>>> print(open('final_2.pdb').read())   # PDB, C-alpha atoms
ATOM      1  CA  MET A   1    -240.417  -2.297 -43.069  1.00  0.00           C
ATOM      2  CA  ILE A   2    -240.864  -0.642 -39.700  1.00  0.00           C
ATOM      3  CA  LYS A   3    -240.380   2.943 -38.581  1.00  0.00           C
ATOM      4  CA  LEU A   4    -239.036   3.465 -35.081  1.00  0.00           C
ATOM      5  CA  ASN A   5    -238.171   6.448 -32.943  1.00  0.00           C
ATOM      6  CA  ILE A   6    -235.208   5.314 -30.842  1.00  0.00           C
ATOM      7  CA  LEU A   7    -235.099   6.826 -27.361  1.00  0.00           C
ATOM      8  CA  ASN A   8    -232.666   4.352 -25.752  1.00  0.00           C
ATOM      9  CA  MET A   9    -229.810   3.756 -28.184  1.00  0.00           C
ATOM     10  CA  GLU A  10    -227.831   1.421 -25.936  1.00  0.00           C
ATOM     11  CA  ASN A  11    -230.681  -1.064 -25.458  1.00  0.00           C
ATOM     12  CA  PHE A  12    -231.698  -0.753 -29.102  1.00  0.00           C
ATOM     13  CA  LEU A  13    -228.204  -1.656 -30.322  1.00  0.00           C
ATOM     14  CA  ASP A  14    -227.967  -4.508 -27.806  1.00  0.00           C
ATOM     15  CA  THR A  15    -231.201  -5.852 -29.291  1.00  0.00           C
ATOM     16  CA  VAL A  16    -229.994  -5.416 -32.875  1.00  0.00           C
ATOM     17  CA  ASN A  17    -226.679  -7.113 -32.098  1.00  0.00           C
ATOM     18  CA  ALA A  18    -228.568 -10.101 -30.640  1.00  0.00           C
ATOM     19  CA  CYS A  19    -230.297 -10.677 -33.998  1.00  0.00           C
ATOM     20  CA  ARG A  20    -229.237 -13.670 -36.075  1.00  0.00           C
ATOM     21  CA  ASP A  21    -229.443 -12.052 -39.495  1.00  0.00           C
ATOM     22  CA  ALA A  22    -228.976  -8.627 -41.046  1.00  0.00           C
ATOM     23  CA  VAL A  23    -230.983  -5.680 -39.795  1.00  0.00           C
ATOM     24  CA  HIS A  24    -231.091  -3.168 -42.622  1.00  0.00           C
ATOM     25  CA  MET A  25    -231.516   0.544 -42.098  1.00  0.00           C
ATOM     26  CA  ILE A  26    -232.960   2.553 -44.970  1.00  0.00           C
ATOM     27  CA  CYS A  27    -231.075   5.848 -45.109  1.00  0.00           C
ATOM     28  CA  PRO A  28    -232.674   9.157 -46.132  1.00  0.00           C
ATOM     29  CA  ASP A  29    -230.862   8.943 -49.493  1.00  0.00           C
ATOM     30  CA  GLY A  30    -232.451   5.529 -50.144  1.00  0.00           C
ATOM     31  CA  SER A  31    -229.327   3.465 -49.534  1.00  0.00           C
ATOM     32  CA  ILE A  32    -229.590   0.351 -47.385  1.00  0.00           C
ATOM     33  CA  VAL A  33    -227.064  -0.423 -44.640  1.00  0.00           C
ATOM     34  CA  ASP A  34    -226.807  -3.457 -42.358  1.00  0.00           C
ATOM     35  CA  ILE A  35    -226.474  -2.250 -38.753  1.00  0.00           C
ATOM     36  CA  ASN A  36    -226.208  -5.649 -37.034  1.00  0.00           C
ATOM     37  CA  GLY A  37    -222.770  -5.866 -35.431  1.00  0.00           C
ATOM     38  CA  LYS A  38    -221.377  -3.037 -37.562  1.00  0.00           C
ATOM     39  CA  GLU A  39    -219.351  -0.914 -35.135  1.00  0.00           C
ATOM     40  CA  ARG A  40    -218.628   1.919 -37.559  1.00  0.00           C
ATOM     41  CA  VAL A  41    -222.289   2.290 -38.519  1.00  0.00           C
ATOM     42  CA  GLN A  42    -223.389   2.040 -34.895  1.00  0.00           C
ATOM     43  CA  ASN A  43    -220.913   4.752 -33.861  1.00  0.00           C
ATOM     44  CA  SER A  44    -222.424   6.988 -36.533  1.00  0.00           C
ATOM     45  CA  LEU A  45    -225.917   6.236 -35.190  1.00  0.00           C
ATOM     46  CA  TRP A  46    -224.737   7.191 -31.697  1.00  0.00           C
ATOM     47  CA  GLN A  47    -223.490  10.547 -33.026  1.00  0.00           C
ATOM     48  CA  GLN A  48    -226.773  11.233 -34.810  1.00  0.00           C
ATOM     49  CA  TYR A  49    -228.703  10.209 -31.700  1.00  0.00           C
ATOM     50  CA  ARG A  50    -226.754  12.629 -29.490  1.00  0.00           C
ATOM     51  CA  GLN A  51    -227.010  15.463 -32.029  1.00  0.00           C
ATOM     52  CA  ASN A  52    -230.760  14.929 -32.151  1.00  0.00           C
ATOM     53  CA  LYS A  53    -231.057  15.247 -28.335  1.00  0.00           C
ATOM     54  CA  ASN A  54    -231.263  11.506 -27.560  1.00  0.00           C
ATOM     55  CA  CYS A  55    -233.866  10.645 -30.148  1.00  0.00           C
ATOM     56  CA  LEU A  56    -233.339   9.021 -33.539  1.00  0.00           C
ATOM     57  CA  PRO A  57    -235.979   8.090 -36.113  1.00  0.00           C
ATOM     58  CA  LEU A  58    -235.056   4.984 -38.114  1.00  0.00           C
ATOM     59  CA  VAL A  59    -236.604   2.923 -40.887  1.00  0.00           C
ATOM     60  CA  LEU A  60    -235.628  -0.749 -40.788  1.00  0.00           C
ATOM     61  CA  THR A  61    -236.190  -3.854 -42.845  1.00  0.00           C
ATOM     62  CA  ILE A  62    -235.741  -7.174 -41.075  1.00  0.00           C
ATOM     63  CA  SER A  63    -236.063 -10.379 -43.073  1.00  0.00           C
ATOM     64  CA  ASN A  64    -235.804 -12.919 -40.238  1.00  0.00           C
ATOM     65  CA  PRO A  65    -239.212 -13.195 -38.470  1.00  0.00           C
ATOM     66  CA  GLY A  66    -237.563 -13.977 -35.128  1.00  0.00           C
ATOM     67  CA  ASP A  67    -235.328 -10.932 -35.408  1.00  0.00           C
ATOM     68  CA  TYR A  68    -238.325  -8.817 -36.397  1.00  0.00           C
ATOM     69  CA  MET A  69    -240.233  -9.942 -33.297  1.00  0.00           C
ATOM     70  CA  ARG A  70    -237.168  -9.338 -31.105  1.00  0.00           C
ATOM     71  CA  ILE A  71    -236.949  -5.698 -32.266  1.00  0.00           C
ATOM     72  CA  VAL A  72    -240.713  -5.108 -32.086  1.00  0.00           C
ATOM     73  CA  SER A  73    -240.775  -6.568 -28.562  1.00  0.00           C
ATOM     74  CA  TYR A  74    -237.871  -4.345 -27.532  1.00  0.00           C
ATOM     75  CA  TYR A  75    -239.621  -1.301 -28.956  1.00  0.00           C
ATOM     76  CA  ALA A  76    -242.972  -2.085 -27.344  1.00  0.00           C
ATOM     77  CA  GLY A  77    -241.301  -2.558 -23.964  1.00  0.00           C
ATOM     78  CA  ASP A  78    -239.109   0.539 -24.245  1.00  0.00           C
ATOM     79  CA  CYS A  79    -241.922   3.025 -24.914  1.00  0.00           C
TER      80      CYS A  79
END
>>> encode(input="final_2.pdb", output="structure tokens")
Amino acid sequence: MIKLNILNMENFLDTVNACRDAVHMICPDGSIVDINGKERVQNSLWQQYRQNKNCLPLVLTISNPGDYMRIVSYYAGDC
């Protein structure tokens, strides 16, 4: 599990959509939602991001090690 503070939603979603397997977001209510390639979920994330003044905290679980490294590398380079 990793906790991220997304400051660039477009690049973050491009990175997520490049992942091979599911990228699960843990919602505040404890539910788990795959965000990889899910347009409806991603549109909702965009709305939350804009409402929160272009910042969105997320908690993710990523089972594929390559996908995990892809997201961590994106995040390290985006900060």
>>> axis_aligned_box(input="final_2.pdb", around="range 55-67 of chain A", padding_each_side="8 Å", output="JSON")
{"center_x": -236.3, "center_y": -1.7, "center_z": -36.6, "size_x": 21.9, "size_y": 40.6, "size_z": 28.9}
>>> atom_distance(input="final_2.pdb", atom1="CA of Tyr49 in chain A", atom2="CA of Met1 in chain A")
20.6 Å
>>> closest_atom_pairs(input="final_2.pdb", of="range 44-66 of chain A", to="range 21-38 of chain A", cutoff="12 Å", atoms="all atoms listed in the file", output="Markdown table")
| residue | atom | partner | partner_atom | distance |
| --- | --- | --- | --- | --- |
| A:Ser44 | CA | A:Lys38 | CA | 10.1 |
| A:Leu45 | CA | A:Ile35 | CA | 9.2 |
| A:Trp46 | CA | A:Ile35 | CA | 11.9 |
| A:Pro57 | CA | A:Cys27 | CA | 10.5 |
| A:Leu58 | CA | A:Met25 | CA | 6.9 |
| A:Val59 | CA | A:Ile26 | CA | 5.5 |
| A:Leu60 | CA | A:Met25 | CA | 4.5 |
| A:Thr61 | CA | A:His24 | CA | 5.1 |
| A:Ile62 | CA | A:Val23 | CA | 5.1 |
| A:Ser63 | CA | A:Ala22 | CA | 7.6 |
| A:Asn64 | CA | A:Asp21 | CA | 6.5 |
| A:Pro65 | CA | A:Asp21 | CA | 9.9 |
| A:Gly66 | CA | A:Asp21 | CA | 9.4 |
>>> resolve_selection(input="final_2.pdb", expression="the PyMOL selection byres ((chain A and resi 8) around 12)", output="PyMOL selection string")
chain A and resi 4-7+9-15+45-46+49-50+53-57+74-75+77-79
>>> atom_distance(input="final_2.pdb", atom1="CA of Ala76 in chain A", atom2="CA of Gln42 in chain A")
21.4 Å
>>> build_atoms(input="final_2.pdb", residues="range 56-68 of chain A", atoms="N, CA, C and O atoms", output="short mmCIF file (atom, residue, chain, number, x, y, z; two decimals), in the frame of the given file")
data_model
loop_
_atom_site.label_atom_id
_atom_site.label_comp_id
_atom_site.auth_asym_id
_atom_site.auth_seq_id
_atom_site.Cartn_x
_atom_site.Cartn_y
_atom_site.Cartn_z
N LEU A 56 -233.76 9.29 -32.17
CA LEU A 56 -233.34 9.02 -33.54
C LEU A 56 -234.41 8.23 -34.28
O LEU A 56 -234.69 7.08 -33.94
N PRO A 57 -235.03 8.83 -35.30
CA PRO A 57 -235.98 8.09 -36.11
C PRO A 57 -235.22 7.19 -37.10
O PRO A 57 -234.25 7.61 -37.72
N LEU A 58 -235.68 5.95 -37.20
CA LEU A 58 -235.06 4.98 -38.11
C LEU A 58 -236.13 4.22 -38.88
O LEU A 58 -237.22 3.98 -38.36
N VAL A 59 -235.77 3.82 -40.10
CA VAL A 59 -236.60 2.92 -40.89
C VAL A 59 -235.78 1.66 -41.10
O VAL A 59 -234.65 1.72 -41.59
N LEU A 60 -236.35 0.52 -40.71
CA LEU A 60 -235.63 -0.75 -40.79
C LEU A 60 -236.39 -1.77 -41.62
O LEU A 60 -237.62 -1.76 -41.66
N THR A 61 -235.62 -2.65 -42.24
CA THR A 61 -236.19 -3.85 -42.84
C THR A 61 -235.48 -5.04 -42.21
O THR A 61 -234.25 -5.05 -42.09
N ILE A 62 -236.26 -6.01 -41.80
CA ILE A 62 -235.74 -7.17 -41.08
C ILE A 62 -236.35 -8.42 -41.71
O ILE A 62 -237.56 -8.62 -41.63
N SER A 63 -235.53 -9.23 -42.34
CA SER A 63 -236.06 -10.38 -43.07
C SER A 63 -236.35 -11.59 -42.19
O SER A 63 -237.26 -12.37 -42.49
N ASN A 64 -235.61 -11.77 -41.12
CA ASN A 64 -235.80 -12.92 -40.24
C ASN A 64 -236.97 -12.63 -39.29
O ASN A 64 -236.92 -11.67 -38.52
N PRO A 65 -238.04 -13.45 -39.33
CA PRO A 65 -239.21 -13.20 -38.47
C PRO A 65 -238.88 -13.15 -36.98
O PRO A 65 -239.44 -12.35 -36.24
N GLY A 66 -237.96 -13.99 -36.53
CA GLY A 66 -237.56 -13.98 -35.13
C GLY A 66 -236.87 -12.68 -34.75
O GLY A 66 -237.11 -12.12 -33.68
N ASP A 67 -236.01 -12.21 -35.64
CA ASP A 67 -235.33 -10.93 -35.41
C ASP A 67 -236.33 -9.79 -35.41
O ASP A 67 -236.24 -8.86 -34.59
N TYR A 68 -237.28 -9.85 -36.33
CA TYR A 68 -238.32 -8.82 -36.40
C TYR A 68 -239.08 -8.75 -35.07
O TYR A 68 -239.27 -7.67 -34.50
#
